[in-house]
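Trainee: Data: input-v1.tsv, TSV, C-alpha atoms.
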```
chain	number	residue	atom	x	y	z
A	460	MET	CA	85.79	123.90	147.12
A	461	SER	CA	84.69	123.19	143.63
A	462	GLN	CA	87.93	121.97	142.19
A	463	PRO	CA	87.39	118.26	142.67
A	464	LEU	CA	90.24	116.40	144.26
A	465	PRO	CA	89.56	113.22	142.34
A	466	ASN	CA	90.56	110.75	144.95
A	467	PRO	CA	91.70	110.94	148.56
A	468	ASN	CA	95.12	109.76	147.42
A	469	THR	CA	96.00	113.12	145.89
A	470	LEU	CA	98.82	114.60	147.87
A	471	LEU	CA	98.01	118.06	149.18
A	472	PRO	CA	100.96	120.41	148.86
A	473	LEU	CA	100.54	122.00	152.26
A	474	GLU	CA	100.23	118.59	153.85
A	475	LEU	CA	103.61	117.73	152.46
A	476	VAL	CA	105.03	120.92	153.91
A	477	ASP	CA	103.42	120.08	157.23
A	478	LYS	CA	105.08	116.67	157.28
A	479	CYS	CA	108.35	118.45	156.88
A	480	ILE	CA	108.04	120.34	160.15
A	481	GLY	CA	111.07	119.49	162.23
A	482	SER	CA	113.25	118.55	159.31
A	483	ARG	CA	115.45	120.39	156.88
A	484	ILE	CA	113.81	122.21	154.06
A	485	HIS	CA	115.19	124.10	151.11
A	486	ILE	CA	113.23	127.17	150.06
A	487	ILE	CA	113.70	128.60	146.60
A	488	MET	CA	112.62	132.21	146.23
A	489	LYS	CA	111.34	133.86	143.08
A	490	ASN	CA	114.60	135.74	142.78
A	491	ASP	CA	118.05	134.19	143.01
A	492	LYS	CA	117.93	133.52	146.69
A	493	GLU	CA	117.58	130.19	148.43
A	494	MET	CA	117.35	129.29	152.08
A	495	VAL	CA	118.04	126.00	153.79
A	496	GLY	CA	116.84	125.59	157.35
A	497	THR	CA	114.92	123.47	159.81
A	498	LEU	CA	111.23	124.08	159.45
A	499	GLN	CA	109.59	125.10	162.71
A	500	GLY	CA	106.25	125.99	161.23
A	501	PHE	CA	104.28	127.94	158.68
A	502	ASP	CA	100.97	129.70	158.33
A	503	ASP	CA	98.16	129.97	155.80
A	504	PHE	CA	100.22	132.33	153.68
A	505	VAL	CA	103.20	129.97	153.89
A	506	ASN	CA	105.28	132.46	155.78
A	507	MET	CA	107.87	130.18	157.28
A	508	LEU	CA	109.66	129.93	160.58
A	509	LEU	CA	113.10	128.45	160.04
A	510	ASP	CA	115.93	127.57	162.38
A	511	ASP	CA	119.62	127.41	161.78
A	512	VAL	CA	119.43	128.87	158.35
A	513	THR	CA	121.90	129.13	155.54
A	514	GLU	CA	121.12	131.68	152.88
A	515	TYR	CA	122.45	131.16	149.38
A	516	GLU	CA	122.46	133.95	146.88
A	517	SER	CA	123.40	133.38	143.27
A	518	THR	CA	124.89	136.56	141.98
A	519	PRO	CA	126.93	137.16	138.83
A	520	GLU	CA	130.00	137.12	141.05
A	521	GLY	CA	129.13	133.75	142.47
A	522	ARG	CA	127.45	132.22	145.49
A	523	LYS	CA	127.17	134.26	148.61
A	524	ILE	CA	126.43	132.47	151.85
A	525	THR	CA	125.32	133.82	155.19
A	526	LYS	CA	124.21	132.03	158.30
A	527	LEU	CA	121.33	133.10	160.47
A	528	ASP	CA	119.83	131.63	163.64
A	529	GLN	CA	116.08	131.77	163.54
A	530	ILE	CA	114.12	133.63	160.93
A	531	LEU	CA	110.61	134.37	159.84
A	532	LEU	CA	110.64	134.11	156.08
A	533	ASN	CA	108.01	136.14	154.29
A	534	GLY	CA	105.99	133.83	152.07
A	535	ASN	CA	105.44	136.50	149.44
A	536	ASN	CA	108.53	135.59	147.48
A	537	ILE	CA	108.62	131.84	147.81
A	538	ALA	CA	108.53	129.90	144.53
A	539	MET	CA	109.39	126.35	145.56
A	540	LEU	CA	109.90	124.30	148.68
A	541	VAL	CA	112.04	121.20	148.71
A	542	PRO	CA	111.49	119.04	151.77
A	543	GLY	CA	114.51	117.36	153.27
A	544	GLY	CA	116.69	119.24	150.84
A	545	GLU	CA	120.09	120.47	151.45
A	546	MET	CA	121.29	122.65	148.64
A	547	PRO	CA	121.74	120.44	145.58
A	548	GLY	CA	125.44	119.99	145.02
A	549	GLU	CA	126.43	120.82	148.57
A	550	SER	CA	127.73	118.21	150.96
A	551	TYR	CA	125.37	116.94	153.61
A	552	GLU	CA	127.04	118.63	156.56
A	553	ALA	CA	123.96	119.21	158.60
A	554	GLN	CA	122.48	115.71	158.24
B	401	MET	CA	96.44	136.03	148.44
B	402	ALA	CA	95.90	136.17	144.72
B	403	SER	CA	92.52	134.76	143.83
B	404	LYS	CA	92.86	133.37	140.36
B	405	GLU	CA	89.20	132.59	140.02
B	406	GLY	CA	88.11	136.19	140.60
B	407	GLY	CA	84.96	134.90	142.20
B	408	GLU	CA	85.24	137.26	145.10
B	409	LYS	CA	84.01	140.32	143.25
B	410	ASN	CA	80.30	140.81	143.76
B	411	LYS	CA	78.45	141.22	140.53
B	412	GLY	CA	75.62	143.53	141.38
B	413	SER	CA	73.19	141.98	138.92
B	414	GLN	CA	72.85	138.73	140.84
B	415	GLY	CA	70.12	138.22	143.42
B	416	ALA	CA	71.38	139.44	146.74
B	417	GLY	CA	70.34	136.40	148.73
B	418	ASP	CA	71.50	133.86	146.19
B	419	ASN	CA	74.86	135.42	145.78
B	420	LYS	CA	76.72	133.50	148.40
B	421	GLU	CA	75.17	130.14	147.64
B	422	LYS	CA	75.52	130.23	143.89
B	423	ARG	CA	78.93	131.83	143.71
B	424	ARG	CA	81.48	129.05	143.75
B	425	LYS	CA	85.16	129.09	143.23
B	426	GLU	CA	85.37	127.39	139.91
B	427	SER	CA	88.82	126.65	138.79
B	428	ILE	CA	89.28	127.13	135.08
B	429	LEU	CA	91.95	124.47	134.99
B	430	ASP	CA	91.24	120.93	136.06
B	431	LEU	CA	94.57	119.58	137.17
B	432	SER	CA	93.32	116.06	137.72
B	433	LYS	CA	93.97	115.33	134.07
B	434	TYR	CA	97.66	116.08	134.64
B	435	LEU	CA	98.13	113.86	137.67
B	436	GLU	CA	101.07	111.48	137.25
B	437	LYS	CA	102.00	113.30	134.08
B	438	SER	CA	105.05	115.36	133.39
B	439	ILE	CA	104.32	119.07	133.39
B	440	ARG	CA	106.29	122.25	132.97
B	441	VAL	CA	105.72	125.08	135.39
B	442	LYS	CA	106.81	128.67	135.01
B	443	PHE	CA	107.05	131.05	137.92
B	444	ALA	CA	106.81	134.77	138.35
B	445	GLY	CA	110.38	135.96	138.39
B	446	GLY	CA	111.44	133.70	135.53
B	447	ARG	CA	112.11	130.34	137.14
B	448	GLU	CA	111.05	127.25	135.25
B	449	ALA	CA	110.72	123.73	136.44
B	450	ALA	CA	109.35	120.44	135.18
B	451	GLY	CA	108.20	117.39	137.07
B	452	ILE	CA	105.54	114.78	137.55
B	453	LEU	CA	102.40	116.17	139.10
B	454	LYS	CA	101.60	114.29	142.27
B	455	GLY	CA	99.15	116.62	143.93
B	456	TYR	CA	97.59	120.05	143.94
B	457	ASP	CA	95.09	122.20	145.74
B	458	PRO	CA	92.56	124.83	144.63
B	459	LEU	CA	95.08	127.59	145.31
B	460	LEU	CA	97.31	126.07	142.64
B	461	ASN	CA	99.99	124.90	145.03
B	462	LEU	CA	101.53	121.88	143.33
B	463	VAL	CA	103.47	118.81	144.35
B	464	LEU	CA	105.96	117.76	141.69
B	465	ASP	CA	108.16	114.71	141.78
B	466	ASN	CA	111.48	114.16	139.97
B	467	THR	CA	111.61	117.87	139.47
B	468	THR	CA	114.27	119.48	137.35
B	469	GLU	CA	114.78	123.21	137.39
B	470	TYR	CA	115.88	124.84	134.16
B	471	LEU	CA	118.63	127.27	134.92
B	472	ARG	CA	119.00	130.67	133.39
B	473	ASP	CA	121.95	132.64	132.14
B	474	PRO	CA	123.23	134.77	135.03
B	475	ASP	CA	123.92	137.68	132.71
B	476	ASP	CA	120.59	137.51	130.96
B	477	PRO	CA	117.89	136.17	133.25
B	478	TYR	CA	115.51	135.65	130.37
B	479	LYS	CA	117.75	133.26	128.55
B	480	LEU	CA	117.45	129.60	129.37
B	481	LEU	CA	120.55	127.51	129.46
B	482	ASP	CA	120.62	123.83	128.65
B	483	ASP	CA	121.69	123.36	132.20
B	484	THR	CA	119.30	121.89	134.72
B	485	ARG	CA	119.43	120.81	138.31
B	486	ALA	CA	117.51	118.00	139.91
B	487	LEU	CA	115.41	118.90	142.91
B	488	GLY	CA	113.39	115.75	143.60
B	489	LEU	CA	110.08	116.17	145.38
B	490	VAL	CA	109.05	119.82	145.54
B	491	VAL	CA	106.09	121.94	146.46
B	492	CYS	CA	105.42	124.82	144.06
B	493	ARG	CA	103.71	127.85	145.53
B	494	GLY	CA	100.49	128.60	143.72
B	495	THR	CA	100.96	132.30	144.30
B	496	SER	CA	104.06	132.24	142.11
B	497	VAL	CA	102.89	129.91	139.38
B	498	VAL	CA	102.17	131.69	136.11
B	499	LEU	CA	102.04	128.85	133.61
B	500	ILE	CA	101.35	125.13	133.66
B	501	CYS	CA	101.60	122.99	130.56
B	502	PRO	CA	102.07	119.31	129.80
B	503	MET	CA	105.56	118.28	128.67
B	504	ASP	CA	104.03	115.85	126.28
B	505	GLY	CA	103.20	117.65	123.08
B	506	MET	CA	105.50	120.57	123.78
B	507	GLU	CA	108.68	121.33	121.90
B	508	ALA	CA	111.18	124.14	121.90
B	509	ILE	CA	111.37	126.07	118.64
B	510	PRO	CA	113.73	128.77	117.45
B	511	ASN	CA	112.58	132.27	118.27
B	512	PRO	CA	109.90	133.11	115.69
B	513	PHE	CA	109.96	136.80	116.51
B	514	ILE	CA	113.45	137.46	115.34
B	515	ALA	CA	113.26	138.99	111.87
B	516	GLN	CA	114.53	136.53	109.35
B	517	GLU	CA	116.69	138.28	106.75
```
Let me see the structure of the file written as structure tokens.
Mentor:
Amino acid sequence: MSQPLPNPNTLLPLELVDKCIGSRIHIIMKNDKEMVGTLQGFDDFVNMLLDDVTEYESTPEGRKITKLDQILLNGNNIAMLVPGGEMPGESYEAQ
Amino acid sequence: MASKEGGEKNKGSQGAGDNKEKRRKESILDLSKYLEKSIRVKFAGGREAAGILKGYDPLLNLVLDNTTEYLRDPDDPYKLLDDTRALGLVVCRGTSVVLICPMDGMEAIPNPFIAQE
């Protein structure tokens, strides 16, 4: 890979995601959807396997929440991943 | 996966044998100069975030610390509010990143495209 990682101390993004396996993670999609779940695993395309998931949708009417058991989240629409994150502003019920 | 370097396309003019050895995935942006600096990242779909760059990879996945997300107007998704939310340590997916710029040396200006009467 020609993009030089200047020193071995640079934190690799996918390493950080890997460390998060087994803990809660907050996934922010490109659209107004966010998911919070326990990360079971992910693949090269960062499709994600999540357990015990809460889905948050920000619509003009307000937040919509659904709960799902185990899901495979398609990595196509993921913008950000927040390890350890519950939804900012929500109470830490699942901790 | 989106290949930002475009190095995968075979240019027919190159020597057939050399092609694989000489063709390298050069990144046009060296992110090492932004490490530990505050940068602003824009995503496909309109999200914007800013944070301190802690790490990256050649696919443009980023690790940002102390991240704040700039929120948008729910009625007009292209309008930024002053509102932000703090996210902490985040990983940004390189496939969604459309713009990276340093916060230092950047300022918001009034819309120059609106016709001034």
Trainee: Once you count all atoms listed in the file, what closest atom pair and distance in Å to one decimal does each residue of region 461-543 of chain A within 7 Å of region 483-505 of chain B have, with rows by chain and rising residue number, as CSV?
Mentor:
```
residue,atom,partner,partner_atom,distance
A:Pro472,CA,B:Val491,CA,5.9
A:Ile537,CA,B:Arg493,CA,6.7
A:Ala538,CA,B:Arg493,CA,5.3
A:Met539,CA,B:Cys492,CA,4.5
A:Leu540,CA,B:Val491,CA,5.0
A:Val541,CA,B:Val490,CA,4.6
A:Pro542,CA,B:Val490,CA,6.7
```
Trainee: Here is a test: counting only C-alpha atoms, which residue of A:Lys489, A:Gly500, A:Lys478, A:Leu527 is nearest to chain B?
Mentor: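 Of A:Lys489, A:Gly500, A:Lys478, A:Leu527, the one nearest chain B, counting only C-alpha atoms, is A:Lys489.
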Trainee: Which one is closest to chain B: A:Asn506, A:Gln529, A:Gln499, A:Ser482? Count all atoms listed in the file.
Mentor: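 Checking each candidate against chain B, we get A:Asn506 as the closest.
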Trainee: Mind listing as a PyMOL selection string which residues of chain B are within 7 Å of chain A, counting all atoms listed in the file?
Mentor: chain B and resi 424-427+432+443-445+447+454-458+461-463+474-475+489-493+496
Trainee: Could you tell me how far CA of Lys492 (chain A) lies from CA of Tyr470 (chain B), in Å and to one decimal?
Mentor: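 Separating CA of Lys492 (chain A) from CA of Tyr470 (chain B) is a distance of 15.4 Å.
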Trainee: Grab the CA of Val495 (chain A) to CA of Ile452 (chain B) distance for me, in Å with one decimal place.
Mentor: 23.4 Å
Trainee: I need the residue nearest Ile428 (chain B) from this list: B:Leu453, B:Glu469, B:Leu460, B:Gly446. Use all atoms listed in the file for the distance.
Mentor: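 Residue with the minimum atom-to-atom distance to Ile428 (chain B): B:Leu460.
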